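File shown: work.cif (mmCIF, C-alpha atoms and all ligand atoms).
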```
data_start
loop_
_atom_site.label_atom_id
_atom_site.label_comp_id
_atom_site.auth_asym_id
_atom_site.auth_seq_id
_atom_site.Cartn_x
_atom_site.Cartn_y
_atom_site.Cartn_z
CA MET X 1370 82.11 186.51 70.48
CA LYS X 1371 78.58 185.35 71.14
CA LEU X 1372 78.47 181.99 72.90
CA SER X 1373 75.55 180.93 70.70
CA GLU X 1374 78.02 180.84 67.76
CA LEU X 1375 80.68 179.05 69.75
CA LEU X 1376 78.27 176.39 70.97
CA ARG X 1377 77.34 175.46 67.41
CA GLY X 1378 80.75 173.75 67.03
CA GLU X 1379 81.09 169.99 67.03
CA THR X 1380 84.55 169.68 68.61
CA PRO X 1381 84.69 168.96 72.35
CA SER X 1382 85.47 172.13 74.29
CA LEU X 1383 85.94 173.13 77.88
CA SER X 1384 85.03 176.33 79.70
CA PHE X 1385 85.77 177.52 83.23
CA GLU X 1386 83.96 179.52 85.92
CA VAL X 1387 85.52 182.04 88.27
CA PHE X 1388 84.06 184.25 90.96
CA PRO X 1389 84.84 187.83 92.00
CA PRO X 1390 86.78 188.60 95.22
CA LYS X 1391 85.04 188.69 98.59
CA THR X 1392 86.92 191.82 99.64
CA ASP X 1393 88.75 194.68 97.94
CA THR X 1394 92.06 193.45 99.29
CA ALA X 1395 91.56 190.07 97.62
CA PHE X 1396 91.08 191.67 94.22
CA GLU X 1397 94.68 191.32 93.00
CA SER X 1398 94.99 187.66 93.95
CA VAL X 1399 91.62 186.81 92.34
CA LYS X 1400 92.60 188.76 89.22
CA ASN X 1401 95.85 186.80 89.02
CA ALA X 1402 94.03 183.48 89.45
CA THR X 1403 91.51 184.35 86.73
CA GLU X 1404 94.35 185.37 84.42
CA GLU X 1405 96.14 182.06 85.01
CA ILE X 1406 92.92 180.28 84.04
CA ALA X 1407 92.49 182.52 80.98
CA LYS X 1408 96.00 181.56 79.83
CA LEU X 1409 94.73 177.99 79.44
CA ARG X 1410 92.61 179.35 76.55
CA PRO X 1411 89.30 177.78 77.53
CA SER X 1412 86.43 178.07 75.05
CA PHE X 1413 84.96 180.74 77.36
CA MET X 1414 85.02 181.85 81.00
CA SER X 1415 82.04 182.76 83.13
CA VAL X 1416 82.28 185.24 85.99
CA THR X 1417 79.69 184.83 88.72
CA TYR X 1418 77.74 187.63 90.31
CA GLY X 1419 77.99 187.50 94.05
CA ALA X 1420 77.85 183.69 94.17
CA GLY X 1421 80.43 181.58 95.98
CA GLY X 1422 81.00 184.36 98.48
CA GLY X 1423 82.28 186.85 95.90
CA THR X 1424 81.01 190.41 95.68
CA SER X 1425 79.18 191.59 92.59
CA ARG X 1426 81.16 194.77 92.10
CA TYR X 1427 84.06 193.16 90.31
CA THR X 1428 82.17 190.84 87.94
CA LEU X 1429 82.40 193.22 85.00
CA GLU X 1430 85.97 194.27 85.72
CA ILE X 1431 87.17 190.67 85.73
CA ALA X 1432 85.14 189.69 82.66
CA LYS X 1433 86.40 192.72 80.75
CA ASN X 1434 90.03 192.03 81.69
CA ILE X 1435 89.90 188.36 80.62
CA LYS X 1436 88.44 189.29 77.24
CA ALA X 1437 90.72 192.26 76.57
CA SER X 1438 93.99 190.75 77.82
CA TYR X 1439 93.59 187.13 76.73
CA GLY X 1440 90.94 187.18 74.00
CA VAL X 1441 88.89 184.59 75.89
CA PRO X 1442 85.12 185.05 75.35
CA THR X 1443 83.38 185.84 78.64
CA LEU X 1444 79.98 185.29 80.16
CA ALA X 1445 79.01 187.79 82.87
CA HIS X 1446 76.45 186.59 85.40
CA LEU X 1447 73.69 188.89 86.63
CA THR X 1448 71.08 188.25 89.33
CA CYS X 1449 67.86 190.16 89.87
CA VAL X 1450 65.84 188.96 92.84
CA SER X 1451 66.81 191.59 95.39
CA SER X 1452 67.21 194.43 92.87
CA THR X 1453 65.02 197.27 91.76
CA ARG X 1454 64.32 197.85 88.06
CA GLU X 1455 66.52 200.97 88.14
CA THR X 1456 69.48 199.04 89.55
CA VAL X 1457 69.13 196.26 86.99
CA ARG X 1458 68.91 198.80 84.16
CA GLU X 1459 72.06 200.51 85.43
CA ARG X 1460 73.86 197.17 85.49
CA ILE X 1461 72.73 196.35 81.97
CA GLU X 1462 74.05 199.73 80.84
CA ALA X 1463 77.36 199.06 82.59
CA MET X 1464 77.60 195.70 80.80
CA CYS X 1465 77.13 197.40 77.46
CA GLU X 1466 79.84 199.93 78.30
CA ALA X 1467 82.19 197.06 79.26
CA GLY X 1468 81.54 195.40 75.87
CA ILE X 1469 79.86 192.33 77.41
CA GLU X 1470 78.04 190.27 74.77
CA ASN X 1471 77.05 187.24 76.86
CA VAL X 1472 74.94 187.44 80.01
CA MET X 1473 73.87 184.66 82.34
CA ALA X 1474 70.42 185.75 83.56
CA LEU X 1475 69.76 184.42 87.05
CA ARG X 1476 67.27 184.99 89.78
CA GLY X 1477 69.75 184.62 92.64
CA ASP X 1478 69.24 182.66 95.83
CA LEU X 1479 66.56 183.59 98.34
CA THR X 1480 68.49 184.60 101.43
CA PRO X 1481 66.73 184.31 104.82
CA GLU X 1482 66.09 188.10 104.79
CA LEU X 1483 64.45 187.88 101.34
CA GLU X 1484 62.34 184.88 102.36
CA GLY X 1485 60.51 187.09 104.85
CA SER X 1486 60.06 190.18 102.66
CA ASP X 1487 56.90 191.30 100.83
CA ARG X 1488 57.15 189.64 97.40
CA SER X 1489 54.44 191.82 95.89
CA LYS X 1490 56.96 194.69 95.99
CA TRP X 1491 59.66 192.80 94.12
CA HIS X 1492 60.39 193.99 90.61
CA TYR X 1493 61.82 190.60 89.64
CA ARG X 1494 60.49 187.35 91.03
CA HIS X 1495 62.08 184.87 88.64
CA ALA X 1496 64.94 184.75 86.18
CA VAL X 1497 62.42 184.91 83.33
CA ASP X 1498 61.68 188.54 84.35
CA LEU X 1499 65.34 189.42 83.89
CA VAL X 1500 65.49 187.59 80.54
CA ARG X 1501 62.57 189.72 79.33
CA GLU X 1502 64.25 192.90 80.58
CA LEU X 1503 67.48 191.96 78.76
CA ARG X 1504 65.57 191.18 75.55
CA GLU X 1505 63.55 194.38 75.70
CA CYS X 1506 66.45 196.72 76.43
CA GLY X 1507 67.33 196.93 72.73
CA ARG X 1508 70.81 195.38 73.10
CA ASP X 1509 71.61 192.21 71.26
CA PHE X 1510 72.85 190.08 74.19
CA CYS X 1511 73.38 186.35 73.96
CA ILE X 1512 71.53 185.22 77.09
CA GLY X 1513 72.14 182.07 79.10
CA GLY X 1514 70.14 180.60 81.96
CA ALA X 1515 70.48 177.97 84.70
CA CYS X 1516 68.82 174.56 84.75
CA TYR X 1517 68.67 171.76 87.28
CA PRO X 1518 69.02 168.08 86.30
CA GLU X 1519 67.95 167.12 89.84
CA ILE X 1520 65.25 169.85 89.96
CA HIS X 1521 65.59 173.21 91.66
CA PRO X 1522 65.35 172.82 95.47
CA GLU X 1523 62.25 175.06 95.58
CA SER X 1524 60.36 173.11 92.93
CA THR X 1525 57.80 170.59 93.98
CA ASN X 1526 58.33 168.32 90.98
CA GLN X 1527 60.31 168.04 87.76
CA ARG X 1528 57.33 168.56 85.47
CA GLU X 1529 56.72 171.99 87.02
CA ASP X 1530 60.42 172.84 86.96
CA ILE X 1531 60.65 172.00 83.24
CA LYS X 1532 57.47 173.96 82.48
CA TYR X 1533 59.01 177.11 83.96
CA LEU X 1534 62.33 176.33 82.29
CA LYS X 1535 60.59 176.26 78.93
CA GLU X 1536 58.92 179.58 79.68
CA LYS X 1537 62.36 181.04 80.52
CA VAL X 1538 63.92 179.69 77.32
CA ASN X 1539 61.04 180.98 75.22
CA ALA X 1540 61.54 184.44 76.70
CA GLY X 1541 64.89 184.61 74.92
CA ILE X 1542 67.50 182.20 76.28
CA SER X 1543 70.13 180.90 73.82
CA PHE X 1544 71.74 178.22 76.03
CA LEU X 1545 71.45 176.66 79.48
CA THR X 1546 74.16 175.70 81.96
CA THR X 1547 73.34 172.99 84.48
CA GLN X 1548 73.74 172.91 88.21
CA MET X 1549 76.53 170.56 89.33
CA PHE X 1550 75.78 166.84 89.37
CA PHE X 1551 77.90 163.81 90.22
CA ASP X 1552 76.03 161.09 88.34
CA ASN X 1553 75.92 161.53 84.56
CA ASP X 1554 72.86 159.33 84.19
CA LEU X 1555 70.85 162.05 85.95
CA LEU X 1556 71.97 164.49 83.25
CA TYR X 1557 71.10 162.12 80.39
CA ASN X 1558 67.68 161.52 81.89
CA PHE X 1559 67.10 165.27 82.26
CA LEU X 1560 68.20 165.91 78.66
CA TYR X 1561 65.71 163.36 77.43
CA LYS X 1562 62.90 165.02 79.38
CA ILE X 1563 63.65 168.58 78.33
CA ARG X 1564 64.06 167.64 74.67
CA GLU X 1565 60.73 165.86 74.90
CA ALA X 1566 59.26 169.05 76.37
CA GLY X 1567 60.47 170.95 73.29
CA ILE X 1568 63.50 172.75 74.79
CA THR X 1569 66.06 172.65 72.00
CA VAL X 1570 68.77 175.19 73.03
CA PRO X 1571 72.32 173.88 73.74
CA ILE X 1572 72.83 172.53 77.26
CA ILE X 1573 76.21 172.98 78.91
CA PRO X 1574 76.74 170.47 81.74
CA GLY X 1575 78.40 172.05 84.79
CA ILE X 1576 81.00 169.89 86.52
CA MET X 1577 82.27 170.66 90.01
CA PRO X 1578 85.64 169.09 90.85
CA ILE X 1579 85.51 168.31 94.57
CA THR X 1580 89.11 168.67 95.62
CA ASN X 1581 88.75 168.80 99.40
CA ALA X 1582 86.43 167.06 101.81
CA ASN X 1583 85.07 170.33 103.25
CA GLN X 1584 83.64 171.21 99.86
CA VAL X 1585 81.39 168.15 99.84
CA GLU X 1586 78.92 169.27 102.49
CA ARG X 1587 78.67 172.78 101.06
CA ALA X 1588 78.21 171.52 97.50
CA VAL X 1589 75.45 169.12 98.51
CA LYS X 1590 73.71 171.76 100.63
CA LEU X 1591 73.84 174.28 97.79
CA SER X 1592 72.75 172.01 95.00
CA GLY X 1593 70.94 169.12 96.66
CA SER X 1594 72.97 166.88 94.34
CA PHE X 1595 72.90 163.11 94.71
CA MET X 1596 76.24 161.63 95.78
CA PRO X 1597 76.84 158.28 94.06
CA ARG X 1598 78.34 155.50 96.15
CA ARG X 1599 81.52 155.59 94.07
CA PHE X 1600 81.95 159.25 94.93
CA LYS X 1601 81.17 158.77 98.64
CA SER X 1602 83.79 156.01 98.94
CA LEU X 1603 86.35 158.26 97.35
CA VAL X 1604 85.69 161.00 99.94
CA ASP X 1605 85.66 158.45 102.78
CA LYS X 1606 88.98 157.01 101.70
CA PHE X 1607 90.90 160.15 100.72
CA GLY X 1608 89.05 163.00 102.48
CA SER X 1609 91.60 163.29 105.30
CA ASP X 1610 94.60 163.42 102.93
CA PRO X 1611 94.42 166.78 101.09
CA LEU X 1612 96.76 165.87 98.23
CA ALA X 1613 95.19 162.48 97.63
CA MET X 1614 91.69 164.01 97.80
CA LYS X 1615 92.65 166.64 95.27
CA GLN X 1616 94.02 164.05 92.87
CA ALA X 1617 90.98 161.80 93.30
CA GLY X 1618 88.55 164.75 92.87
CA ILE X 1619 90.25 165.83 89.64
CA ALA X 1620 90.21 162.26 88.34
CA TYR X 1621 86.49 161.89 89.17
CA ALA X 1622 85.62 165.16 87.39
CA THR X 1623 87.78 164.15 84.39
CA ASP X 1624 86.02 160.80 84.21
CA GLN X 1625 82.61 162.51 84.24
CA ILE X 1626 83.69 164.89 81.47
CA ILE X 1627 85.07 162.12 79.24
CA ASP X 1628 81.80 160.24 79.58
CA LEU X 1629 79.87 163.40 78.61
CA TYR X 1630 81.97 163.94 75.48
CA ALA X 1631 81.69 160.26 74.60
CA ASN X 1632 77.92 160.64 74.74
CA GLY X 1633 77.74 163.60 72.39
CA ILE X 1634 78.06 166.61 74.70
CA VAL X 1635 80.15 169.30 73.01
CA ASN X 1636 80.94 171.91 75.66
CA VAL X 1637 81.48 171.16 79.35
CA HIS X 1638 81.70 173.93 81.94
CA VAL X 1639 83.98 173.38 84.94
CA TYR X 1640 83.28 175.15 88.21
CA SER X 1641 86.97 175.85 88.61
CA MET X 1642 86.43 178.18 91.60
CA ASN X 1643 89.49 180.40 91.00
CA LYS X 1644 91.82 177.41 91.14
CA PRO X 1645 94.17 177.54 88.13
CA ASP X 1646 95.94 174.32 89.17
CA VAL X 1647 92.68 172.36 89.18
CA ALA X 1648 91.59 173.87 85.85
CA ALA X 1649 94.99 173.10 84.30
CA ALA X 1650 95.05 169.52 85.61
CA ILE X 1651 91.62 168.75 84.15
CA GLN X 1652 92.48 170.36 80.83
CA ASN X 1653 95.73 168.46 80.73
CA ASN X 1654 93.93 165.17 81.39
CA LEU X 1655 91.81 165.91 78.31
CA SER X 1656 94.56 167.23 76.05
CA GLN X 1657 94.17 164.66 73.27
CA ILE X 1658 90.38 164.61 73.50
CA LEU X 1659 90.13 168.38 73.19
CA LYS X 1660 92.26 168.30 70.01
CA LYS X 1661 89.77 166.10 68.16
P1 LIG X 1701 64.55 180.70 88.22
O1 LIG X 1701 64.69 180.30 86.81
O2 LIG X 1701 63.72 181.89 88.52
O3 LIG X 1701 63.98 179.43 89.02
C1 LIG X 1701 63.92 179.44 90.45
C2 LIG X 1701 62.70 178.63 90.93
O4 LIG X 1701 61.51 179.30 90.56
C3 LIG X 1701 62.60 177.23 90.32
O5 LIG X 1701 62.06 176.39 91.29
C4 LIG X 1701 61.65 177.43 89.15
O6 LIG X 1701 60.97 176.22 88.79
C5 LIG X 1701 60.70 178.47 89.73
N1 LIG X 1701 60.09 179.33 88.71
C6 LIG X 1701 60.70 179.86 87.63
N2 LIG X 1701 59.86 180.64 86.94
C7 LIG X 1701 58.68 180.61 87.62
C8 LIG X 1701 57.42 181.22 87.42
N3 LIG X 1701 57.17 182.02 86.37
N4 LIG X 1701 56.42 180.98 88.33
C9 LIG X 1701 56.63 180.16 89.41
N5 LIG X 1701 57.83 179.54 89.64
C10 LIG X 1701 58.82 179.78 88.76
N6 LIG X 1701 73.63 182.70 92.04
C11 LIG X 1701 74.21 183.91 92.21
O7 LIG X 1701 73.87 184.62 93.16
N7 LIG X 1701 75.19 184.37 91.34
C12 LIG X 1701 75.61 183.64 90.28
O8 LIG X 1701 76.49 184.07 89.53
C13 LIG X 1701 75.03 182.34 90.07
N8 LIG X 1701 75.39 181.57 89.01
C14 LIG X 1701 74.77 180.36 88.81
C15 LIG X 1701 75.10 179.60 87.67
C16 LIG X 1701 74.48 178.37 87.44
C17 LIG X 1701 74.85 177.56 86.22
C18 LIG X 1701 73.50 177.88 88.35
C19 LIG X 1701 72.86 176.54 88.12
C20 LIG X 1701 73.15 178.64 89.46
C21 LIG X 1701 73.76 179.89 89.70
N9 LIG X 1701 73.41 180.68 90.79
C22 LIG X 1701 74.01 181.91 90.99
C23 LIG X 1701 72.42 180.21 91.76
C24 LIG X 1701 70.97 180.64 91.34
O9 LIG X 1701 70.84 182.03 91.51
C25 LIG X 1701 70.01 179.87 92.24
O10 LIG X 1701 70.04 178.50 91.92
C26 LIG X 1701 68.58 180.40 92.32
O11 LIG X 1701 67.95 179.78 93.43
C27 LIG X 1701 67.74 180.15 91.10
O12 LIG X 1701 68.15 180.87 90.03
P2 LIG X 1701 67.47 180.65 88.57
O13 LIG X 1701 68.02 181.70 87.70
O14 LIG X 1701 67.61 179.25 88.15
O15 LIG X 1701 65.93 180.96 88.94
#
```
Would you mind writing the structure in this file as structure tokens?
Amino acid sequence: MKLSELLRGETPSLSFEVFPPKTDTAFESVKNATEEIAKLRPSFMSVTYGAGGGTSRYTLEIAKNIKASYGVPTLAHLTCVSSTRETVRERIEAMCEAGIENVMALRGDLTPELEGSDRSKWHYRHAVDLVRELRECGRDFCIGGACYPEIHPESTNQREDIKYLKEKVNAGISFLTTQMFFDNDLLYNFLYKIREAGITVPIIPGIMPITNANQVERAVKLSGSFMPRRFKSLVDKFGSDPLAMKQAGIAYATDQIIDLYANGIVNVHVYSMNKPDVAAAIQNNLSQILKK
């Protein structure tokens, strides 16, 4: 099922993200975790491509398995920045063979090695180049892209960030998923600005449940997200007690999601990080809301 159809619905829905294993030996345990999450019957599941420490090799295998075994629509991520045109074309072909209908077109992060390399030789500099490749390959993919309520760390200002976002959407994007954020007002402000700029595709807010104190530093470093005082006090108070921190992190994420639904957001994406217990707890907290 194409996510563009699914996102037209008006009933609140929840989707989850998983990432492929870091090593071959971890494959079975990651597969089991993704299957446990699929059993929750989310509206869809996304499978990252190399992000979060996972390797890219298993993205398609996991996405294919979730769809075939559990009937859950999947979104396979694909990055392009360090790839040649031939490699990207091979991957697109492999996605077609795996029956993937939905692709998240991403640039990928600039690793320190890439920062120093000769950019004039790159086949893909930005995600928009991959969107164009996916549109021109003759396959009818539903393409998603990333957006940043608190601007992308490399952007100098939000106006510029939104200008390039619009260019990416116009190249053929059907929906956007946001970077994590911990203050919903930042999302509402961003939505206002992008709608004003003429970006009309559905936006899926991405919520990261912080369930252990170690995650905080990494999440902030990765996303540059603002930590509201309410969130900081929660980490200060419960960070050293793993079970309490987990409960508080799930409650905070649930609270954010309820506020999003209450303000008209239809689908929320949870960065569930291969944690079926966290995904299940959040879904359970929303059981009556998701029925409406
Ligand atoms: P782009 O859209 O190319 O934007 C990157 C920067 O370039 C921005 O500052 C933008 O303003 C600027 N820019 C864009 N177009 C132009 C242009 N034409 N000229 C000049 N500047 C331009 N990483 C992974 O490795 N694997 C994943 O699976 C993954 N999944 C993700 C999912 C989500 C929802 C998000 C938010 C991020 C994900 N990432 C993933 C991380 C992502 O790869 C990084 O955030 C990366 O730095 C930017 O990717 P992008 O697709 O947003 O890039």
For Lys1400 of chain X, find every residue with an atom within 9 Å (counting only C-alpha atoms), except residues of its own chain fewer than 6 positions away, and show them as a JSON list (two decimals) with C-alpha atoms, keeping the file's coordinate frame.
```json
[["chain", "number", "residue", "atom", "x", "y", "z"],
["X", 1389, "PRO", "CA", 84.84, 187.83, 92.00],
["X", 1390, "PRO", "CA", 86.78, 188.60, 95.22],
["X", 1431, "ILE", "CA", 87.17, 190.67, 85.73],
["X", 1434, "ASN", "CA", 90.03, 192.03, 81.69]]
```
Can you list every residue of chain X that has an atom at most 8 Å from ligand LIG 1701 (chain X), with its nearest atom pair and the distance in Å to one decimal, using only C-alpha atoms and all ligand atoms, ordered by chain then number, as a tab-separated table?
```
residue	atom	partner	partner_atom	distance
X:Phe1388	CA	X:LIG1701	O8	7.7
X:Val1416	CA	X:LIG1701	O8	6.9
X:Thr1417	CA	X:LIG1701	O8	3.4
X:Tyr1418	CA	X:LIG1701	O8	3.9
X:Gly1419	CA	X:LIG1701	N7	5.0
X:Ala1420	CA	X:LIG1701	N7	3.9
X:Gly1421	CA	X:LIG1701	N7	7.5
X:His1446	CA	X:LIG1701	O8	4.8
X:Leu1447	CA	X:LIG1701	O8	6.3
X:Thr1448	CA	X:LIG1701	O7	6.0
X:Met1473	CA	X:LIG1701	C15	7.5
X:Ala1474	CA	X:LIG1701	O13	6.3
X:Leu1475	CA	X:LIG1701	O13	3.3
X:Arg1476	CA	X:LIG1701	O13	4.0
X:Gly1477	CA	X:LIG1701	O9	3.0
X:Asp1478	CA	X:LIG1701	O11	4.0
X:Leu1479	CA	X:LIG1701	O11	6.4
X:Arg1494	CA	X:LIG1701	O2	6.8
X:His1495	CA	X:LIG1701	O2	3.4
X:Ala1496	CA	X:LIG1701	O2	3.9
X:Val1497	CA	X:LIG1701	O2	6.1
X:Gly1514	CA	X:LIG1701	O13	6.2
X:Ala1515	CA	X:LIG1701	C19	4.4
X:Cys1516	CA	X:LIG1701	C19	5.6
X:Tyr1517	CA	X:LIG1701	C19	6.4
X:Ile1520	CA	X:LIG1701	O5	7.4
X:His1521	CA	X:LIG1701	O5	4.8
X:Pro1522	CA	X:LIG1701	O5	6.4
X:Glu1523	CA	X:LIG1701	O5	4.5
X:Ser1524	CA	X:LIG1701	O5	4.0
X:Thr1525	CA	X:LIG1701	O5	7.7
X:Glu1529	CA	X:LIG1701	O6	6.3
X:Asp1530	CA	X:LIG1701	O6	3.9
X:Ile1531	CA	X:LIG1701	O6	7.0
X:Lys1532	CA	X:LIG1701	O6	7.6
X:Tyr1533	CA	X:LIG1701	N2	4.7
X:Leu1534	CA	X:LIG1701	O1	6.5
X:Glu1536	CA	X:LIG1701	N3	7.3
X:Lys1537	CA	X:LIG1701	O1	6.7
X:Leu1545	CA	X:LIG1701	C17	7.6
X:Thr1546	CA	X:LIG1701	C17	4.7
X:Thr1547	CA	X:LIG1701	C19	5.1
X:Gln1548	CA	X:LIG1701	C19	3.7
X:Met1549	CA	X:LIG1701	C19	7.1
X:Gly1575	CA	X:LIG1701	C17	6.7
X:Ser1592	CA	X:LIG1701	O10	7.7
```
Any chance you could tabulate, as a Markdown table, the residues of segment 1560-1591 of chain X at most 10 Å from segment 1375-1380 of chain X with each one's nearest atom pair and distance in Å to one decimal, using all atoms listed in the file, in chain and rising number order?
```
| residue | atom | partner | partner_atom | distance |
| --- | --- | --- | --- | --- |
| X:Val1570 | CA | X:Leu1376 | CA | 9.8 |
| X:Pro1571 | CA | X:Leu1376 | CA | 7.0 |
| X:Ile1572 | CA | X:Leu1376 | CA | 9.2 |
| X:Ile1573 | CA | X:Leu1376 | CA | 8.9 |
```
Computed interatomic separation between atom CA of Ser1489 of chain X and atom CA of Glu1502 of chain X (Å):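 Atom-to-atom, atom CA of Ser1489 of chain X and atom CA of Glu1502 of chain X are spaced 18.2 Å apart.
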Would you list the contacts of segment 1642-1655 of chain X as an mmCIF file with C-alpha atoms, in the coordinates of the input, taking every protein, DNA or RNA residue within 12 Å and counting all atoms listed in the file, but skipping same-chain residues closer than 6 positions in sequence?
```cif
data_model
loop_
_atom_site.group_PDB
_atom_site.id
_atom_site.type_symbol
_atom_site.label_atom_id
_atom_site.label_comp_id
_atom_site.auth_asym_id
_atom_site.auth_seq_id
_atom_site.Cartn_x
_atom_site.Cartn_y
_atom_site.Cartn_z
ATOM 1 C CA PRO X 1381 84.690 168.960 72.350
ATOM 2 C CA SER X 1382 85.470 172.130 74.290
ATOM 3 C CA LEU X 1383 85.940 173.130 77.880
ATOM 4 C CA SER X 1384 85.030 176.330 79.700
ATOM 5 C CA PHE X 1385 85.770 177.520 83.230
ATOM 6 C CA GLU X 1386 83.960 179.520 85.920
ATOM 7 C CA VAL X 1387 85.520 182.040 88.270
ATOM 8 C CA PHE X 1388 84.060 184.250 90.960
ATOM 9 C CA PRO X 1389 84.840 187.830 92.000
ATOM 10 C CA PRO X 1390 86.780 188.600 95.220
ATOM 11 C CA ALA X 1395 91.560 190.070 97.620
ATOM 12 C CA PHE X 1396 91.080 191.670 94.220
ATOM 13 C CA SER X 1398 94.990 187.660 93.950
ATOM 14 C CA VAL X 1399 91.620 186.810 92.340
ATOM 15 C CA LYS X 1400 92.600 188.760 89.220
ATOM 16 C CA ASN X 1401 95.850 186.800 89.020
ATOM 17 C CA ALA X 1402 94.030 183.480 89.450
ATOM 18 C CA THR X 1403 91.510 184.350 86.730
ATOM 19 C CA GLU X 1404 94.350 185.370 84.420
ATOM 20 C CA GLU X 1405 96.140 182.060 85.010
ATOM 21 C CA ILE X 1406 92.920 180.280 84.040
ATOM 22 C CA ALA X 1407 92.490 182.520 80.980
ATOM 23 C CA LYS X 1408 96.000 181.560 79.830
ATOM 24 C CA LEU X 1409 94.730 177.990 79.440
ATOM 25 C CA ARG X 1410 92.610 179.350 76.550
ATOM 26 C CA PRO X 1411 89.300 177.780 77.530
ATOM 27 C CA SER X 1412 86.430 178.070 75.050
ATOM 28 C CA MET X 1414 85.020 181.850 81.000
ATOM 29 C CA SER X 1415 82.040 182.760 83.130
ATOM 30 C CA VAL X 1416 82.280 185.240 85.990
ATOM 31 C CA THR X 1417 79.690 184.830 88.720
ATOM 32 C CA ALA X 1420 77.850 183.690 94.170
ATOM 33 C CA GLY X 1421 80.430 181.580 95.980
ATOM 34 C CA GLY X 1422 81.000 184.360 98.480
ATOM 35 C CA GLY X 1423 82.280 186.850 95.900
ATOM 36 C CA ILE X 1431 87.170 190.670 85.730
ATOM 37 C CA ILE X 1576 81.000 169.890 86.520
ATOM 38 C CA MET X 1577 82.270 170.660 90.010
ATOM 39 C CA PRO X 1578 85.640 169.090 90.850
ATOM 40 C CA ILE X 1579 85.510 168.310 94.570
ATOM 41 C CA THR X 1580 89.110 168.670 95.620
ATOM 42 C CA ASN X 1581 88.750 168.800 99.400
ATOM 43 C CA GLN X 1584 83.640 171.210 99.860
ATOM 44 C CA LEU X 1612 96.760 165.870 98.230
ATOM 45 C CA LYS X 1615 92.650 166.640 95.270
ATOM 46 C CA GLN X 1616 94.020 164.050 92.870
ATOM 47 C CA ALA X 1617 90.980 161.800 93.300
ATOM 48 C CA GLY X 1618 88.550 164.750 92.870
ATOM 49 C CA ILE X 1619 90.250 165.830 89.640
ATOM 50 C CA ALA X 1620 90.210 162.260 88.340
ATOM 51 C CA TYR X 1621 86.490 161.890 89.170
ATOM 52 C CA ALA X 1622 85.620 165.160 87.390
ATOM 53 C CA THR X 1623 87.780 164.150 84.390
ATOM 54 C CA ASP X 1624 86.020 160.800 84.210
ATOM 55 C CA GLN X 1625 82.610 162.510 84.240
ATOM 56 C CA ILE X 1626 83.690 164.890 81.470
ATOM 57 C CA ILE X 1627 85.070 162.120 79.240
ATOM 58 C CA ASP X 1628 81.800 160.240 79.580
ATOM 59 C CA TYR X 1630 81.970 163.940 75.480
ATOM 60 C CA LYS X 1661 89.770 166.100 68.160
#
```
Just how far from atom CA of Gln1527 of chain X is atom CA of His1492 of chain X, in Å to one decimal?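 A separation of 26.1 Å between them.
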Can you tell me which residues surround segment 1468-1471 of chain X at a distance of at most 10 Å, considering only C-alpha atoms, apart from same-chain residues fewer than 5 positions away, and format the answer as a JSON list (two decimals) with C-alpha atoms, in the frame of the given file?
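Once written, selection_29.json looks like this:
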```
[["chain", "number", "residue", "atom", "x", "y", "z"],
["X", 1370, "MET", "CA", 82.11, 186.51, 70.48],
["X", 1371, "LYS", "CA", 78.58, 185.35, 71.14],
["X", 1372, "LEU", "CA", 78.47, 181.99, 72.90],
["X", 1373, "SER", "CA", 75.55, 180.93, 70.70],
["X", 1415, "SER", "CA", 82.04, 182.76, 83.13],
["X", 1429, "LEU", "CA", 82.40, 193.22, 85.00],
["X", 1432, "ALA", "CA", 85.14, 189.69, 82.66],
["X", 1433, "LYS", "CA", 86.40, 192.72, 80.75],
["X", 1436, "LYS", "CA", 88.44, 189.29, 77.24],
["X", 1437, "ALA", "CA", 90.72, 192.26, 76.57],
["X", 1442, "PRO", "CA", 85.12, 185.05, 75.35],
["X", 1443, "THR", "CA", 83.38, 185.84, 78.64],
["X", 1444, "LEU", "CA", 79.98, 185.29, 80.16],
["X", 1445, "ALA", "CA", 79.01, 187.79, 82.87],
["X", 1446, "HIS", "CA", 76.45, 186.59, 85.40],
["X", 1461, "ILE", "CA", 72.73, 196.35, 81.97],
["X", 1462, "GLU", "CA", 74.05, 199.73, 80.84],
["X", 1463, "ALA", "CA", 77.36, 199.06, 82.59],
["X", 1508, "ARG", "CA", 70.81, 195.38, 73.10],
["X", 1509, "ASP", "CA", 71.61, 192.21, 71.26],
["X", 1510, "PHE", "CA", 72.85, 190.08, 74.19],
["X", 1511, "CYS", "CA", 73.38, 186.35, 73.96],
["X", 1512, "ILE", "CA", 71.53, 185.22, 77.09],
["X", 1513, "GLY", "CA", 72.14, 182.07, 79.10],
["X", 1543, "SER", "CA", 70.13, 180.90, 73.82]]
```
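Between atom CA of Trp1491 of chain X and atom CA of Arg1458 of chain X the separation is 14.9 Å.
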Using only C-alpha atoms, which residues sit within 6 Å of segment 1600-1608 of chain X once same-chain residues fewer than 5 positions away are excluded, as an NGL selection string? :X and (1582 or 1613-1614)
Hey, which of X:Pro1611, X:Gln1657, X:Phe1413, X:Leu1499 ends up closest to Tyr1439 of chain X? Count all atoms listed in the file. X:Phe1413
